[in-house]
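Student: Dropping in coords14.cif, with mmCIF, N, CA and C atoms.
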```
data_final
loop_
_atom_site.label_atom_id
_atom_site.label_comp_id
_atom_site.auth_asym_id
_atom_site.auth_seq_id
_atom_site.Cartn_x
_atom_site.Cartn_y
_atom_site.Cartn_z
N MET A 26 90.15 66.31 108.92
CA MET A 26 89.33 67.00 107.96
C MET A 26 89.09 68.45 108.38
N ILE A 27 88.87 68.69 109.69
CA ILE A 27 88.64 70.04 110.18
C ILE A 27 89.87 70.90 109.98
N ARG A 28 91.06 70.34 110.22
CA ARG A 28 92.30 71.10 110.02
C ARG A 28 92.47 71.47 108.55
N TYR A 29 92.11 70.56 107.68
CA TYR A 29 92.20 70.81 106.25
C TYR A 29 91.26 71.95 105.85
N ARG A 30 90.04 71.96 106.36
CA ARG A 30 89.08 73.03 106.06
C ARG A 30 89.57 74.36 106.60
N ARG A 31 90.15 74.37 107.80
CA ARG A 31 90.70 75.62 108.35
C ARG A 31 91.82 76.15 107.48
N LEU A 32 92.67 75.25 107.02
CA LEU A 32 93.78 75.66 106.15
C LEU A 32 93.25 76.29 104.87
N ILE A 33 92.26 75.64 104.26
CA ILE A 33 91.67 76.18 103.03
C ILE A 33 91.04 77.54 103.30
N LEU A 34 90.28 77.66 104.38
CA LEU A 34 89.64 78.92 104.73
C LEU A 34 90.68 80.01 104.99
N THR A 35 91.75 79.68 105.68
CA THR A 35 92.83 80.64 105.94
C THR A 35 93.46 81.11 104.64
N LEU A 36 93.72 80.19 103.73
CA LEU A 36 94.33 80.55 102.45
C LEU A 36 93.40 81.42 101.61
N ILE A 37 92.11 81.22 101.74
CA ILE A 37 91.16 82.03 101.00
C ILE A 37 91.05 83.43 101.59
N LEU A 38 91.02 83.52 102.92
CA LEU A 38 90.81 84.81 103.58
C LEU A 38 92.07 85.63 103.74
N LEU A 39 93.24 85.02 103.72
CA LEU A 39 94.49 85.72 103.94
C LEU A 39 94.67 86.94 103.04
N PRO A 40 94.42 86.84 101.74
CA PRO A 40 94.60 88.02 100.88
C PRO A 40 93.64 89.16 101.22
N LEU A 41 92.57 88.87 101.91
CA LEU A 41 91.58 89.90 102.22
C LEU A 41 91.88 90.65 103.51
N THR A 42 92.82 90.20 104.31
CA THR A 42 93.11 90.82 105.59
C THR A 42 94.36 91.66 105.52
N ASN A 43 94.25 92.91 105.88
CA ASN A 43 95.38 93.85 105.96
C ASN A 43 96.11 94.07 104.65
N HIS A 44 95.61 93.56 103.57
CA HIS A 44 96.28 93.77 102.29
C HIS A 44 95.35 94.34 101.24
N GLY A 45 94.15 94.70 101.63
CA GLY A 45 93.17 95.22 100.68
C GLY A 45 93.57 96.60 100.19
N ALA A 46 92.92 97.07 99.15
CA ALA A 46 93.21 98.39 98.61
C ALA A 46 92.79 99.45 99.62
N HIS A 47 93.60 100.46 99.76
CA HIS A 47 93.32 101.59 100.63
C HIS A 47 93.09 102.81 99.77
N ALA A 48 92.40 103.79 100.29
CA ALA A 48 92.11 105.00 99.52
C ALA A 48 93.38 105.65 99.01
N GLN A 49 94.47 105.62 99.80
CA GLN A 49 95.70 106.26 99.37
C GLN A 49 96.40 105.48 98.26
N ASP A 50 95.96 104.26 97.97
CA ASP A 50 96.54 103.46 96.90
C ASP A 50 95.96 103.84 95.53
N ARG A 51 94.93 104.65 95.54
CA ARG A 51 94.32 105.05 94.28
C ARG A 51 95.26 105.97 93.52
N PRO A 52 95.19 105.96 92.21
CA PRO A 52 96.06 106.84 91.43
C PRO A 52 95.74 108.31 91.70
N ILE A 53 96.77 109.15 91.60
CA ILE A 53 96.61 110.59 91.77
C ILE A 53 96.64 111.20 90.38
N GLY A 54 95.56 111.82 89.99
CA GLY A 54 95.50 112.43 88.67
C GLY A 54 94.08 112.68 88.24
N PHE A 55 93.85 112.63 86.92
CA PHE A 55 92.54 112.96 86.37
C PHE A 55 92.44 112.48 84.94
N SER A 56 91.24 112.52 84.42
CA SER A 56 91.01 112.30 82.99
C SER A 56 90.20 113.48 82.48
N THR A 57 90.23 113.69 81.18
CA THR A 57 89.45 114.77 80.59
C THR A 57 88.01 114.29 80.37
N PRO A 58 87.08 115.20 80.21
CA PRO A 58 85.68 114.80 80.01
C PRO A 58 85.48 113.86 78.81
N SER A 59 86.29 114.02 77.78
CA SER A 59 86.17 113.15 76.60
C SER A 59 86.71 111.75 76.85
N LYS A 60 87.43 111.57 77.95
CA LYS A 60 88.10 110.30 78.30
C LYS A 60 89.21 109.95 77.31
N ASN A 61 89.63 110.92 76.50
CA ASN A 61 90.71 110.69 75.54
C ASN A 61 92.08 110.93 76.15
N ILE A 62 92.15 111.69 77.23
CA ILE A 62 93.42 112.02 77.87
C ILE A 62 93.31 111.73 79.36
N ALA A 63 94.36 111.13 79.89
CA ALA A 63 94.44 110.89 81.34
C ALA A 63 95.84 111.26 81.80
N CYS A 64 95.94 111.76 83.04
CA CYS A 64 97.22 112.13 83.62
C CYS A 64 97.33 111.54 85.02
N GLN A 65 98.55 111.13 85.37
CA GLN A 65 98.80 110.65 86.72
C GLN A 65 100.10 111.24 87.24
N PHE A 66 100.07 111.56 88.53
CA PHE A 66 101.22 112.09 89.24
C PHE A 66 101.91 110.94 89.95
N PHE A 67 103.25 110.91 89.87
CA PHE A 67 104.05 109.89 90.52
C PHE A 67 105.19 110.54 91.28
N THR A 68 105.74 109.84 92.24
CA THR A 68 106.99 110.27 92.86
C THR A 68 108.02 109.19 92.61
N ASP A 69 109.19 109.61 92.24
CA ASP A 69 110.30 108.70 91.96
C ASP A 69 111.52 109.26 92.67
N ASN A 70 112.03 108.53 93.64
CA ASN A 70 113.16 108.99 94.46
C ASN A 70 112.89 110.36 95.06
N GLY A 71 111.67 110.59 95.50
CA GLY A 71 111.31 111.84 96.15
C GLY A 71 111.01 112.99 95.21
N GLN A 72 111.17 112.79 93.91
CA GLN A 72 110.89 113.86 92.94
C GLN A 72 109.59 113.56 92.21
N GLY A 73 108.77 114.58 92.02
CA GLY A 73 107.50 114.42 91.34
C GLY A 73 107.66 114.30 89.84
N ALA A 74 106.76 113.55 89.24
CA ALA A 74 106.72 113.40 87.79
C ALA A 74 105.26 113.33 87.37
N LEU A 75 104.97 113.85 86.19
CA LEU A 75 103.62 113.81 85.65
C LEU A 75 103.66 113.13 84.30
N ARG A 76 102.74 112.19 84.12
CA ARG A 76 102.61 111.51 82.82
C ARG A 76 101.17 111.65 82.36
N CYS A 77 101.03 112.01 81.10
CA CYS A 77 99.71 112.10 80.48
C CYS A 77 99.71 111.25 79.22
N ASP A 78 98.64 110.48 79.03
CA ASP A 78 98.47 109.65 77.84
C ASP A 78 97.28 110.16 77.05
N ILE A 79 97.44 110.18 75.74
CA ILE A 79 96.33 110.52 74.84
C ILE A 79 96.09 109.30 73.96
N MET A 80 94.87 108.86 73.91
CA MET A 80 94.58 107.61 73.22
C MET A 80 94.30 107.78 71.74
N ASN A 81 93.51 108.78 71.38
CA ASN A 81 93.14 108.96 69.97
C ASN A 81 93.77 110.23 69.44
N MET A 82 94.58 110.05 68.39
CA MET A 82 95.25 111.17 67.73
C MET A 82 95.05 111.02 66.23
N GLU A 83 94.99 112.15 65.53
CA GLU A 83 94.83 112.09 64.09
C GLU A 83 96.05 111.48 63.41
N THR A 84 97.24 111.82 63.92
CA THR A 84 98.47 111.22 63.40
C THR A 84 99.41 110.90 64.56
N ARG A 85 100.19 109.86 64.38
CA ARG A 85 101.20 109.48 65.38
C ARG A 85 102.58 109.72 64.78
N PRO A 86 103.51 110.21 65.60
CA PRO A 86 104.86 110.41 65.09
C PRO A 86 105.55 109.06 64.88
N PRO A 87 106.55 109.02 64.04
CA PRO A 87 107.27 107.76 63.85
C PRO A 87 107.99 107.35 65.14
N ARG A 88 108.07 106.06 65.36
CA ARG A 88 108.75 105.55 66.55
C ARG A 88 110.26 105.61 66.32
N PRO A 89 110.99 106.16 67.30
CA PRO A 89 112.46 106.21 67.18
C PRO A 89 113.05 104.79 67.14
N ALA A 90 114.21 104.68 66.53
CA ALA A 90 114.87 103.38 66.40
C ALA A 90 115.20 102.76 67.75
N ASN A 91 115.45 103.59 68.76
CA ASN A 91 115.83 103.06 70.08
C ASN A 91 114.62 102.72 70.96
N CYS A 92 113.42 102.77 70.41
CA CYS A 92 112.20 102.46 71.17
C CYS A 92 111.59 101.17 70.62
N GLU A 93 111.55 100.15 71.46
CA GLU A 93 110.96 98.88 71.04
C GLU A 93 109.52 98.72 71.54
N LEU A 94 109.00 99.72 72.23
CA LEU A 94 107.65 99.66 72.77
C LEU A 94 106.74 100.61 71.99
N GLU A 95 105.66 101.05 72.60
CA GLU A 95 104.76 102.01 71.96
C GLU A 95 105.33 103.42 72.09
N TYR A 96 105.09 104.23 71.09
CA TYR A 96 105.61 105.59 71.10
C TYR A 96 104.57 106.55 70.54
N GLY A 97 104.50 107.73 71.13
CA GLY A 97 103.68 108.80 70.58
C GLY A 97 102.52 109.20 71.45
N HIS A 98 101.97 108.30 72.26
CA HIS A 98 100.77 108.62 73.04
C HIS A 98 101.08 109.05 74.47
N ALA A 99 102.29 108.82 74.97
CA ALA A 99 102.62 109.12 76.37
C ALA A 99 103.57 110.32 76.44
N PHE A 100 103.25 111.23 77.35
CA PHE A 100 104.05 112.44 77.56
C PHE A 100 104.41 112.50 79.03
N GLU A 101 105.68 112.85 79.32
CA GLU A 101 106.13 112.90 80.71
C GLU A 101 107.00 114.12 80.94
N MET A 102 107.02 114.53 82.23
CA MET A 102 107.94 115.57 82.65
C MET A 102 108.15 115.45 84.16
N SER A 103 109.32 115.91 84.59
CA SER A 103 109.59 115.98 86.02
C SER A 103 109.21 117.39 86.49
N ALA A 104 109.27 117.59 87.78
CA ALA A 104 108.85 118.88 88.34
C ALA A 104 109.70 120.04 87.83
N LYS A 105 110.98 119.80 87.55
CA LYS A 105 111.85 120.89 87.12
C LYS A 105 112.58 120.60 85.82
N GLY A 106 112.24 119.49 85.17
CA GLY A 106 112.93 119.12 83.94
C GLY A 106 112.12 119.42 82.70
N SER A 107 112.66 118.99 81.58
CA SER A 107 111.96 119.21 80.32
C SER A 107 110.86 118.17 80.14
N ALA A 108 110.01 118.41 79.17
CA ALA A 108 108.90 117.51 78.86
C ALA A 108 109.19 116.82 77.54
N GLY A 109 108.54 115.69 77.34
CA GLY A 109 108.72 114.99 76.07
C GLY A 109 107.84 113.77 75.95
N ARG A 110 107.85 113.20 74.75
CA ARG A 110 107.15 111.94 74.51
C ARG A 110 107.98 110.81 75.10
N SER A 111 107.30 109.75 75.51
CA SER A 111 107.99 108.62 76.13
C SER A 111 107.73 107.33 75.37
N CYS A 112 108.69 106.46 75.43
CA CYS A 112 108.60 105.11 74.89
C CYS A 112 108.11 104.23 76.04
N VAL A 113 106.89 103.72 75.94
CA VAL A 113 106.29 102.98 77.05
C VAL A 113 105.60 101.71 76.56
N GLY A 114 105.42 100.79 77.47
CA GLY A 114 104.73 99.55 77.15
C GLY A 114 103.45 99.40 77.93
N ASP A 115 102.93 100.51 78.44
CA ASP A 115 101.71 100.47 79.25
C ASP A 115 100.90 101.74 79.01
N THR A 116 99.86 101.90 79.78
CA THR A 116 99.06 103.11 79.75
C THR A 116 98.67 103.48 81.17
N ILE A 117 98.44 104.75 81.39
CA ILE A 117 97.99 105.19 82.71
C ILE A 117 96.49 105.49 82.71
N MET A 118 95.81 105.17 81.61
CA MET A 118 94.36 105.34 81.56
C MET A 118 93.75 104.49 82.66
N ASP A 119 92.87 105.09 83.46
CA ASP A 119 92.29 104.39 84.59
C ASP A 119 90.88 104.94 84.80
N PRO A 120 89.85 104.09 84.72
CA PRO A 120 88.48 104.58 84.87
C PRO A 120 88.17 105.16 86.25
N SER A 121 89.03 104.90 87.25
CA SER A 121 88.78 105.45 88.59
C SER A 121 89.26 106.88 88.74
N LEU A 122 89.97 107.42 87.75
CA LEU A 122 90.44 108.80 87.84
C LEU A 122 89.27 109.77 87.78
N PRO A 123 89.31 110.83 88.59
CA PRO A 123 88.24 111.83 88.51
C PRO A 123 88.37 112.64 87.22
N VAL A 124 87.26 113.22 86.79
CA VAL A 124 87.24 114.03 85.56
C VAL A 124 87.60 115.47 85.89
N LEU A 125 88.53 116.03 85.11
CA LEU A 125 88.87 117.45 85.21
C LEU A 125 87.98 118.18 84.20
N VAL A 126 86.94 118.81 84.70
CA VAL A 126 85.93 119.46 83.86
C VAL A 126 86.58 120.55 83.02
N TYR A 127 86.06 120.76 81.81
CA TYR A 127 86.55 121.82 80.93
C TYR A 127 86.52 123.15 81.68
N GLY A 128 87.61 123.90 81.56
CA GLY A 128 87.73 125.20 82.23
C GLY A 128 88.35 125.10 83.62
N GLU A 129 88.52 123.89 84.15
CA GLU A 129 89.09 123.70 85.48
C GLU A 129 90.61 123.51 85.40
N VAL A 130 91.26 123.78 86.53
CA VAL A 130 92.72 123.64 86.65
C VAL A 130 93.02 122.62 87.74
N TRP A 131 94.01 121.76 87.47
CA TRP A 131 94.51 120.78 88.43
C TRP A 131 95.94 121.15 88.77
N GLN A 132 96.28 121.16 90.06
CA GLN A 132 97.65 121.50 90.48
C GLN A 132 98.12 120.51 91.54
N ARG A 133 99.40 120.16 91.44
CA ARG A 133 100.02 119.31 92.45
C ARG A 133 101.54 119.38 92.30
N ALA A 134 102.21 119.62 93.40
CA ALA A 134 103.67 119.55 93.49
C ALA A 134 104.40 120.28 92.36
N GLY A 135 103.91 121.47 92.01
CA GLY A 135 104.58 122.26 90.98
C GLY A 135 104.06 122.04 89.56
N PHE A 136 103.12 121.13 89.38
CA PHE A 136 102.52 120.89 88.07
C PHE A 136 101.16 121.59 88.00
N THR A 137 100.86 122.11 86.82
CA THR A 137 99.57 122.74 86.58
C THR A 137 99.03 122.22 85.26
N CYS A 138 97.77 121.80 85.25
CA CYS A 138 97.10 121.34 84.03
C CYS A 138 95.77 122.05 83.91
N ARG A 139 95.44 122.46 82.69
CA ARG A 139 94.16 123.11 82.43
C ARG A 139 93.43 122.33 81.34
N SER A 140 92.21 121.96 81.64
CA SER A 140 91.36 121.22 80.71
C SER A 140 90.48 122.20 79.94
N GLU A 141 90.51 122.10 78.63
CA GLU A 141 89.67 122.93 77.76
C GLU A 141 89.02 122.03 76.72
N GLN A 142 87.95 122.50 76.11
CA GLN A 142 87.32 121.71 75.05
C GLN A 142 88.27 121.47 73.89
N THR A 143 89.24 122.37 73.72
CA THR A 143 90.21 122.23 72.63
C THR A 143 91.37 121.32 72.98
N GLY A 144 91.49 120.89 74.24
CA GLY A 144 92.58 120.00 74.63
C GLY A 144 93.06 120.26 76.05
N LEU A 145 94.17 119.70 76.38
CA LEU A 145 94.75 119.79 77.72
C LEU A 145 96.14 120.40 77.62
N THR A 146 96.46 121.33 78.52
CA THR A 146 97.80 121.90 78.61
C THR A 146 98.31 121.70 80.02
N CYS A 147 99.53 121.14 80.13
CA CYS A 147 100.17 120.93 81.43
C CYS A 147 101.58 121.50 81.38
N PHE A 148 102.02 122.07 82.52
CA PHE A 148 103.38 122.58 82.60
C PHE A 148 103.88 122.46 84.03
N ASN A 149 105.21 122.55 84.17
CA ASN A 149 105.83 122.44 85.49
C ASN A 149 106.31 123.81 85.97
N ALA A 150 107.02 123.83 87.08
CA ALA A 150 107.50 125.08 87.68
C ALA A 150 108.48 125.82 86.78
N MET A 151 109.13 125.12 85.87
CA MET A 151 110.09 125.73 84.94
C MET A 151 109.41 126.16 83.63
N GLN A 152 108.09 126.03 83.57
CA GLN A 152 107.29 126.38 82.40
C GLN A 152 107.53 125.45 81.21
N HIS A 153 108.05 124.26 81.47
CA HIS A 153 108.15 123.23 80.43
C HIS A 153 106.86 122.42 80.49
N GLY A 154 106.42 121.90 79.35
CA GLY A 154 105.20 121.12 79.37
C GLY A 154 104.77 120.66 78.00
N PHE A 155 103.46 120.42 77.89
CA PHE A 155 102.89 119.94 76.64
C PHE A 155 101.42 120.33 76.54
N SER A 156 100.97 120.43 75.29
CA SER A 156 99.56 120.65 74.98
C SER A 156 99.11 119.44 74.16
N LEU A 157 98.01 118.84 74.60
CA LEU A 157 97.54 117.62 73.95
C LEU A 157 96.13 117.81 73.43
N ALA A 158 95.94 117.46 72.18
CA ALA A 158 94.62 117.48 71.54
C ALA A 158 94.62 116.41 70.46
N ARG A 159 93.46 115.98 70.09
CA ARG A 159 93.36 114.93 69.06
C ARG A 159 94.07 115.36 67.77
N ALA A 160 93.93 116.62 67.38
CA ALA A 160 94.49 117.10 66.13
C ALA A 160 96.01 117.33 66.19
N GLU A 161 96.53 117.73 67.38
CA GLU A 161 97.94 118.09 67.46
C GLU A 161 98.44 117.99 68.89
N GLN A 162 99.69 117.60 69.04
CA GLN A 162 100.35 117.56 70.34
C GLN A 162 101.64 118.37 70.23
N LYS A 163 101.86 119.22 71.22
CA LYS A 163 103.06 120.07 71.23
C LYS A 163 103.79 119.92 72.54
N VAL A 164 105.11 119.90 72.48
CA VAL A 164 105.96 119.91 73.67
C VAL A 164 106.65 121.26 73.69
N PHE A 165 106.68 121.90 74.86
CA PHE A 165 107.34 123.21 74.96
C PHE A 165 108.21 123.28 76.19
#
```
Have the structure of the file written as structure tokens, please.

Tutor:
Amino acid sequence: MIRYRRLILTLILLPLTNHGAHAQDRPIGFSTPSKNIACQFFTDNGQGALRCDIMNMETRPPRPANCELEYGHAFEMSAKGSAGRSCVGDTIMDPSLPVLVYGEVWQRAGFTCRSEQTGLTCFNAMQHGFSLARAEQKVF
């Protein structure tokens, strides 16, 4: 019976040892004060990428025929590539993201984002990017 209890206790405690969340596991990014837009920085094969999601928009663009997931709310760009809308089946909205106060700038790995009451503008080192607001979204 004692061995059985030890086994149960070990199985319960095992996930809590050396596998817990670490500060560096938190997402890198921010949300806007309205909580309508969130952005996260990722690395993929050593190259940086930025994705921003906008939840509430006045109009959504039509979904392309080659997209079987959600379309219109997610915007992505690489550090030196073009920007665009993405076909995604998830969201990067995360309540643990810090708020980028209106008038403040966020920068990381060649990306720059500026939060304003009128919306969010992000661009990369090649000056490609997007402007996101409830009324209109632009890719440049």

Student: List the residues matched by the PyMOL selection byres (((chain A and resi 135 and name CA) around 8) and name CA) in the displayed structure as a VMD selection string, ordered by chain and then by residue number.

Tutor: chain A and resid 104 132 to 134 136 to 137 149 to 150

Student: Taking into account all atoms listed in the file, which residue in the set A:Ser59, A:Met151, A:Asp78, A:Val130 is nearest to Phe100 (chain A)?

Tutor: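 The shortest atom-to-atom distance to Phe100 (chain A) comes from A:Asp78.
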
Student: Once the PyMOL selection byres ((chain A and resi 81) around 7) is applied to the coordinates I shared, what remains selected? I want it as a ChimeraX atom specification.

Tutor: /A:61-62,78-80,82-84,158-160

Student: Interatomic distance between CA of Asn70 (chain A) and CA of Ser107 (chain A)?

Tutor: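 So the two atoms, CA of Asn70 (chain A) and CA of Ser107 (chain A), lie 17.5 Å apart.
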
Student: Rank A:Glu129, A:Gly114, A:Ile53, A:Glu101 by their smallest atom-to-atom distance to Phe66 (chain A), using only N, CA and C atoms, and report the top residue only.

Tutor: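 Closest candidate: A:Ile53.
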
Student: Please measure the separation of atom N of Asp50 (chain A) and atom C of Gly73 (chain A), giving the value in Å to one decimal.

Tutor: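 About the pair atom N of Asp50 (chain A) and atom C of Gly73 (chain A): they are 17.4 Å apart.
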
Student: Enumerate, as a count of residues only, the residues matched when the PyMOL selection byres ((chain A and resi 58) around 7) is run on the file above.

Tutor: 10

Student: Just the number, please: distance in Å from atom C of Ile117 (chain A) to atom N of Gln152 (chain A), one decimal.

Tutor: 23.6 Å

Student: Please identify all polymer residues within 7 Å of Ser156 (chain A), counting only N, CA and C atoms, omitting same-chain residues fewer than 3 positions from it, and present them as a list in words.

Tutor: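 My list of contacting residues is Gly144, Leu145, Thr146, Cys147, Glu161, Gln162, Lys163, Val164 and Phe165 of chain A.
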
Student: Mind checking DSSP for chain A and telling me the strand (DSSP E or B) residues as JSON, numbers by chain?

Tutor: {"A": [53, 54, 55, 56, 62, 63, 64, 65, 66, 67, 68, 69, 72, 73, 74, 75, 76, 77, 78, 79, 95, 96, 97, 98, 99, 100, 101, 102, 103, 108, 109, 110, 111, 112, 113, 124, 130, 131, 132, 133, 136, 137, 138, 139, 140, 141, 144, 145, 146, 147, 148, 154, 155, 156, 157, 162, 163, 164]}

Student: I'd like to know which of A:Gly128, A:Gly71, A:Cys138, A:Ser121 is closest to Arg51 (chain A), using only C-alpha atoms.

Tutor: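 Closest to Arg51 (chain A) of all the choices is A:Ser121.
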
Student: Just list the residues in region 30-140 of chain A DSSP gives helix (DSSP H, G or I) on the backbone, as a PyMOL selection string.

Tutor: chain A and resi 30-41+48-50

Student: Within 6 Å of (111.1, 120.1, 80.2) (coordinates as in the file), grab all the protein and nucleic acid residues, counting only C-alpha atoms, and write them out as a ChimeraX atom specification.

Tutor: /A:106-108,153

Student: Taking N, CA and C atoms for each residue, export the selection above as a PDB file, in the coordinates of the input.

Tutor:
```pdb
ATOM      1  N   GLY A 106     112.240 119.490  85.170  1.00  0.00           N
ATOM      2  CA  GLY A 106     112.930 119.120  83.940  1.00  0.00           C
ATOM      3  C   GLY A 106     112.120 119.420  82.700  1.00  0.00           C
ATOM      4  N   SER A 107     112.660 118.990  81.580  1.00  0.00           N
ATOM      5  CA  SER A 107     111.960 119.210  80.320  1.00  0.00           C
ATOM      6  C   SER A 107     110.860 118.170  80.140  1.00  0.00           C
ATOM      7  N   ALA A 108     110.010 118.410  79.170  1.00  0.00           N
ATOM      8  CA  ALA A 108     108.900 117.510  78.860  1.00  0.00           C
ATOM      9  C   ALA A 108     109.190 116.820  77.540  1.00  0.00           C
ATOM     10  N   HIS A 153     108.050 124.260  81.470  1.00  0.00           N
ATOM     11  CA  HIS A 153     108.150 123.230  80.430  1.00  0.00           C
ATOM     12  C   HIS A 153     106.860 122.420  80.490  1.00  0.00           C
TER      13      HIS A 153
END
```

Student: Which is closest to Gly109 (chain A) among A:Pro123, A:Gly97, A:Gln142, A:Arg85, if we use only C-alpha atoms?

Tutor: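 So, comparing all the options, the nearest one is A:Gly97.
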
Student: For Pro52 (chain A), which residue among A:Ala74, A:Met102, A:Leu94, A:Leu122 is the nearest when counting only C-alpha atoms?

Tutor: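 Closest to Pro52 (chain A), using only C-alpha atoms: A:Leu122.
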
Student: May I ask which of the residues A:Leu75, A:Phe67, A:Thr143, A:Phe148 is the closest one to Ser111 (chain A), counting only C-alpha atoms?

Tutor: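 For Ser111 (chain A), the nearest of the given residues is A:Leu75.
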